[in-house]
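**Q** The structure file input-v6.txt (compact mmCIF, N, CA and C atoms) is provided below.
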# COMPACT_ATOMS: atom_id res chain seq x y z
N MET A 1 105.01 100.62 123.44
CA MET A 1 105.15 101.15 124.78
C MET A 1 103.78 101.16 125.44
N ASP A 2 103.70 100.65 126.63
CA ASP A 2 102.45 100.54 127.37
C ASP A 2 101.93 101.92 127.78
N LYS A 3 100.70 102.23 127.42
CA LYS A 3 100.09 103.53 127.72
C LYS A 3 100.04 103.79 129.23
N ARG A 4 99.76 102.78 130.02
CA ARG A 4 99.70 102.95 131.48
C ARG A 4 101.06 103.34 132.05
N LEU A 5 102.12 102.76 131.51
CA LEU A 5 103.46 103.11 131.95
C LEU A 5 103.79 104.56 131.58
N LEU A 6 103.43 104.95 130.37
CA LEU A 6 103.67 106.33 129.93
C LEU A 6 102.95 107.34 130.82
N ASP A 7 101.79 106.98 131.32
CA ASP A 7 101.01 107.88 132.17
C ASP A 7 101.68 108.15 133.52
N ILE A 8 102.49 107.22 134.01
CA ILE A 8 103.08 107.41 135.33
C ILE A 8 104.55 107.84 135.30
N LEU A 9 105.21 107.67 134.15
CA LEU A 9 106.62 108.06 134.07
C LEU A 9 106.77 109.58 134.03
N VAL A 10 107.78 110.07 134.74
CA VAL A 10 108.13 111.49 134.71
C VAL A 10 109.64 111.59 134.55
N CYS A 11 110.11 112.77 134.22
CA CYS A 11 111.54 113.01 134.09
C CYS A 11 112.20 112.81 135.46
N PRO A 12 113.28 112.05 135.52
CA PRO A 12 113.94 111.82 136.81
C PRO A 12 114.62 113.06 137.37
N LEU A 13 114.88 114.05 136.54
CA LEU A 13 115.54 115.27 137.01
C LEU A 13 114.56 116.31 137.54
N CYS A 14 113.60 116.67 136.71
CA CYS A 14 112.68 117.76 137.08
C CYS A 14 111.31 117.27 137.51
N LYS A 15 111.06 115.99 137.37
CA LYS A 15 109.75 115.37 137.69
C LYS A 15 108.63 115.88 136.78
N GLY A 16 109.01 116.44 135.64
CA GLY A 16 108.04 116.96 134.68
C GLY A 16 107.54 115.87 133.74
N PRO A 17 106.54 116.22 132.93
CA PRO A 17 105.95 115.25 132.00
C PRO A 17 106.91 114.89 130.86
N LEU A 18 106.70 113.70 130.32
CA LEU A 18 107.49 113.22 129.19
C LEU A 18 106.59 113.01 128.00
N LYS A 19 107.13 113.26 126.83
CA LYS A 19 106.39 113.03 125.58
C LYS A 19 107.02 111.83 124.88
N TYR A 20 106.18 110.91 124.43
CA TYR A 20 106.66 109.71 123.75
C TYR A 20 106.88 109.99 122.28
N ASP A 21 108.10 109.77 121.79
CA ASP A 21 108.43 109.89 120.38
C ASP A 21 108.57 108.47 119.83
N LYS A 22 107.51 108.01 119.20
CA LYS A 22 107.46 106.62 118.72
C LYS A 22 108.48 106.37 117.61
N THR A 23 108.69 107.34 116.72
CA THR A 23 109.59 107.13 115.59
C THR A 23 111.05 106.96 116.04
N ARG A 24 111.45 107.66 117.09
CA ARG A 24 112.83 107.55 117.57
C ARG A 24 112.95 106.64 118.78
N SER A 25 111.82 106.16 119.28
CA SER A 25 111.78 105.31 120.46
C SER A 25 112.49 105.99 121.65
N GLU A 26 111.95 107.19 121.98
CA GLU A 26 112.50 108.00 123.06
C GLU A 26 111.38 108.65 123.86
N LEU A 27 111.71 109.00 125.10
CA LEU A 27 110.84 109.81 125.93
C LEU A 27 111.49 111.18 126.06
N ILE A 28 110.75 112.22 125.71
CA ILE A 28 111.30 113.57 125.62
C ILE A 28 110.88 114.40 126.82
N CYS A 29 111.87 115.07 127.44
CA CYS A 29 111.60 116.06 128.48
C CYS A 29 112.00 117.42 127.90
N LYS A 30 111.00 118.23 127.58
CA LYS A 30 111.28 119.54 126.99
C LYS A 30 111.92 120.50 127.99
N ALA A 31 111.55 120.38 129.28
CA ALA A 31 112.09 121.28 130.30
C ALA A 31 113.60 121.13 130.44
N ASP A 32 114.08 119.89 130.44
CA ASP A 32 115.52 119.63 130.59
C ASP A 32 116.23 119.43 129.25
N ARG A 33 115.46 119.42 128.16
CA ARG A 33 116.00 119.24 126.82
C ARG A 33 116.77 117.93 126.69
N LEU A 34 116.12 116.85 127.19
CA LEU A 34 116.72 115.52 127.14
C LEU A 34 115.78 114.53 126.48
N ALA A 35 116.36 113.53 125.83
CA ALA A 35 115.60 112.44 125.23
C ALA A 35 116.13 111.14 125.82
N TYR A 36 115.26 110.46 126.57
CA TYR A 36 115.63 109.19 127.19
C TYR A 36 115.31 108.05 126.24
N PRO A 37 116.27 107.15 125.99
CA PRO A 37 116.02 106.05 125.04
C PRO A 37 115.12 104.97 125.63
N ILE A 38 114.45 104.27 124.73
CA ILE A 38 113.67 103.09 125.10
C ILE A 38 114.31 101.91 124.38
N ARG A 39 114.80 100.96 125.15
CA ARG A 39 115.47 99.79 124.58
C ARG A 39 114.72 98.53 124.98
N ASP A 40 114.34 97.75 124.00
CA ASP A 40 113.59 96.51 124.24
C ASP A 40 112.34 96.79 125.08
N ASP A 41 111.63 97.88 124.76
CA ASP A 41 110.41 98.30 125.45
C ASP A 41 110.64 98.71 126.90
N ILE A 42 111.88 98.99 127.28
CA ILE A 42 112.19 99.43 128.64
C ILE A 42 112.80 100.83 128.58
N PRO A 43 112.15 101.82 129.21
CA PRO A 43 112.72 103.17 129.23
C PRO A 43 113.99 103.21 130.08
N VAL A 44 115.03 103.80 129.54
CA VAL A 44 116.29 103.96 130.26
C VAL A 44 116.29 105.39 130.83
N MET A 45 115.91 105.51 132.09
CA MET A 45 115.69 106.82 132.70
C MET A 45 116.93 107.31 133.45
N LEU A 46 118.07 107.25 132.81
CA LEU A 46 119.33 107.70 133.40
C LEU A 46 119.84 108.92 132.63
N GLU A 47 120.23 109.95 133.36
CA GLU A 47 120.71 111.17 132.71
C GLU A 47 121.93 110.89 131.83
N ASP A 48 122.80 109.99 132.26
CA ASP A 48 123.99 109.65 131.48
C ASP A 48 123.66 108.98 130.16
N GLU A 49 122.51 108.33 130.07
CA GLU A 49 122.09 107.65 128.85
C GLU A 49 121.25 108.54 127.94
N ALA A 50 120.80 109.68 128.46
CA ALA A 50 119.91 110.57 127.70
C ALA A 50 120.70 111.35 126.65
N ARG A 51 119.99 111.68 125.59
CA ARG A 51 120.56 112.48 124.49
C ARG A 51 120.09 113.92 124.66
N ARG A 52 121.02 114.87 124.51
CA ARG A 52 120.67 116.29 124.55
C ARG A 52 119.91 116.66 123.27
N LEU A 53 118.81 117.39 123.45
CA LEU A 53 118.03 117.81 122.30
C LEU A 53 118.64 119.06 121.68
N GLU A 54 118.62 119.11 120.37
CA GLU A 54 119.10 120.29 119.64
C GLU A 54 117.99 121.35 119.62
N GLU A 55 118.36 122.57 119.36
CA GLU A 55 117.41 123.68 119.35
C GLU A 55 116.25 123.44 118.38
N GLU A 56 116.53 122.91 117.19
CA GLU A 56 115.47 122.69 116.20
C GLU A 56 114.51 121.58 116.62
N GLU A 57 114.92 120.70 117.51
CA GLU A 57 114.05 119.64 117.99
C GLU A 57 113.06 120.14 119.03
N MET A 58 113.30 121.31 119.57
CA MET A 58 112.45 121.87 120.63
C MET A 58 111.18 122.54 120.08
N ALA A 59 111.14 122.78 118.80
CA ALA A 59 109.98 123.46 118.21
C ALA A 59 108.76 122.60 118.16
Before we go any further, please render this structure as structure tokens.
**A**
Amino acid sequence: MDKRLLDILVCPLCKGPLKYDKTRSELICKADRLAYPIRDDIPVMLEDEARRLEEEEMA
């Protein structure tokens, strides 16, 4: 994932910062408790495609 792209991407819902999870290939928004997938090096920034984070993942 390109570092410059990560620097400008924000959550499409709250416009908050995203954390890159390299092992799961996801962008995490802690405020909305969503994980956006990255497929073929392209972030899929759609709420319908995002995975809800479980409580233990928020720690």
**Q** Work out how far atom CA of A:Pro12 is from atom CA of A:Val44, in Å to one decimal.
**A**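 Result for atom CA of A:Val44 versus atom CA of A:Pro12: 10.5 Å, one decimal.
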**Q** Run DSSP on the backbone and grab whatever in chain A lands in strand (DSSP E); send it over as a PyMOL selection string.
**A** chain A and resi 19-21+26-29+34-39+42-43+51-52
**Q** Go ahead and write the residues just picked, N, CA and C atoms, as an mmCIF file, in the coordinates of the input.
**A**
data_model
loop_
_atom_site.group_PDB
_atom_site.id
_atom_site.type_symbol
_atom_site.label_atom_id
_atom_site.label_comp_id
_atom_site.auth_asym_id
_atom_site.auth_seq_id
_atom_site.Cartn_x
_atom_site.Cartn_y
_atom_site.Cartn_z
ATOM 1 N N LYS A 19 107.130 113.260 126.830
ATOM 2 C CA LYS A 19 106.390 113.030 125.580
ATOM 3 C C LYS A 19 107.020 111.830 124.880
ATOM 4 N N TYR A 20 106.180 110.910 124.430
ATOM 5 C CA TYR A 20 106.660 109.710 123.750
ATOM 6 C C TYR A 20 106.880 109.990 122.280
ATOM 7 N N ASP A 21 108.100 109.770 121.790
ATOM 8 C CA ASP A 21 108.430 109.890 120.380
ATOM 9 C C ASP A 21 108.570 108.470 119.830
ATOM 10 N N GLU A 26 111.950 107.190 121.980
ATOM 11 C CA GLU A 26 112.500 108.000 123.060
ATOM 12 C C GLU A 26 111.380 108.650 123.860
ATOM 13 N N LEU A 27 111.710 109.000 125.100
ATOM 14 C CA LEU A 27 110.840 109.810 125.930
ATOM 15 C C LEU A 27 111.490 111.180 126.060
ATOM 16 N N ILE A 28 110.750 112.220 125.710
ATOM 17 C CA ILE A 28 111.300 113.570 125.620
ATOM 18 C C ILE A 28 110.880 114.400 126.820
ATOM 19 N N CYS A 29 111.870 115.070 127.440
ATOM 20 C CA CYS A 29 111.600 116.060 128.480
ATOM 21 C C CYS A 29 112.000 117.420 127.900
ATOM 22 N N LEU A 34 116.120 116.850 127.190
ATOM 23 C CA LEU A 34 116.720 115.520 127.140
ATOM 24 C C LEU A 34 115.780 114.530 126.480
ATOM 25 N N ALA A 35 116.360 113.530 125.830
ATOM 26 C CA ALA A 35 115.600 112.440 125.230
ATOM 27 C C ALA A 35 116.130 111.140 125.820
ATOM 28 N N TYR A 36 115.260 110.460 126.570
ATOM 29 C CA TYR A 36 115.630 109.190 127.190
ATOM 30 C C TYR A 36 115.310 108.050 126.240
ATOM 31 N N PRO A 37 116.270 107.150 125.990
ATOM 32 C CA PRO A 37 116.020 106.050 125.040
ATOM 33 C C PRO A 37 115.120 104.970 125.630
ATOM 34 N N ILE A 38 114.450 104.270 124.730
ATOM 35 C CA ILE A 38 113.670 103.090 125.100
ATOM 36 C C ILE A 38 114.310 101.910 124.380
ATOM 37 N N ARG A 39 114.800 100.960 125.150
ATOM 38 C CA ARG A 39 115.470 99.790 124.580
ATOM 39 C C ARG A 39 114.720 98.530 124.980
ATOM 40 N N ILE A 42 111.880 98.990 127.280
ATOM 41 C CA ILE A 42 112.190 99.430 128.640
ATOM 42 C C ILE A 42 112.800 100.830 128.580
ATOM 43 N N PRO A 43 112.150 101.820 129.210
ATOM 44 C CA PRO A 43 112.720 103.170 129.230
ATOM 45 C C PRO A 43 113.990 103.210 130.080
ATOM 46 N N ARG A 51 119.990 111.680 125.590
ATOM 47 C CA ARG A 51 120.560 112.480 124.490
ATOM 48 C C ARG A 51 120.090 113.920 124.660
ATOM 49 N N ARG A 52 121.020 114.870 124.510
ATOM 50 C CA ARG A 52 120.670 116.290 124.550
ATOM 51 C C ARG A 52 119.910 116.660 123.270
#
**Q** Could you state the separation of atom C of A:Asp48 and atom C of A:Leu5 in Å, given to one decimal place?
**A**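 Taking atom C of A:Asp48 and atom C of A:Leu5, their separation equals 20.4 Å.
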**Q** Choose the residue, out of A:Asp2, A:Asp40, A:Glu55, A:Ala31, that has the smallest atom-to-atom separation from A:Pro17; count all atoms listed in the file.
**A** A:Ala31
**Q** Excluding A:Met58 and residues on its chain fewer than 3 positions from it, collect all residues at most 8 Å away from it, counting all atoms listed in the file, and give them as a list in words.
**A**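 In the requested form, the answer reads Lys30, Arg33, Leu53, Glu54 and Glu55 of chain A.
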**Q** In Å to one decimal, how far is atom CA of A:Arg51 from atom CA of A:Arg4?
**A**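 We find that atom CA of A:Arg4 and atom CA of A:Arg51 lie 24.0 Å from each other.
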**Q** Counting all atoms listed in the file, figure out which residue out of A:Leu6, A:Glu56, A:Asp32, A:Leu46 gets nearest to A:Tyr20.
**A**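 Among the listed residues, the smallest separation from A:Tyr20 belongs to A:Leu6.
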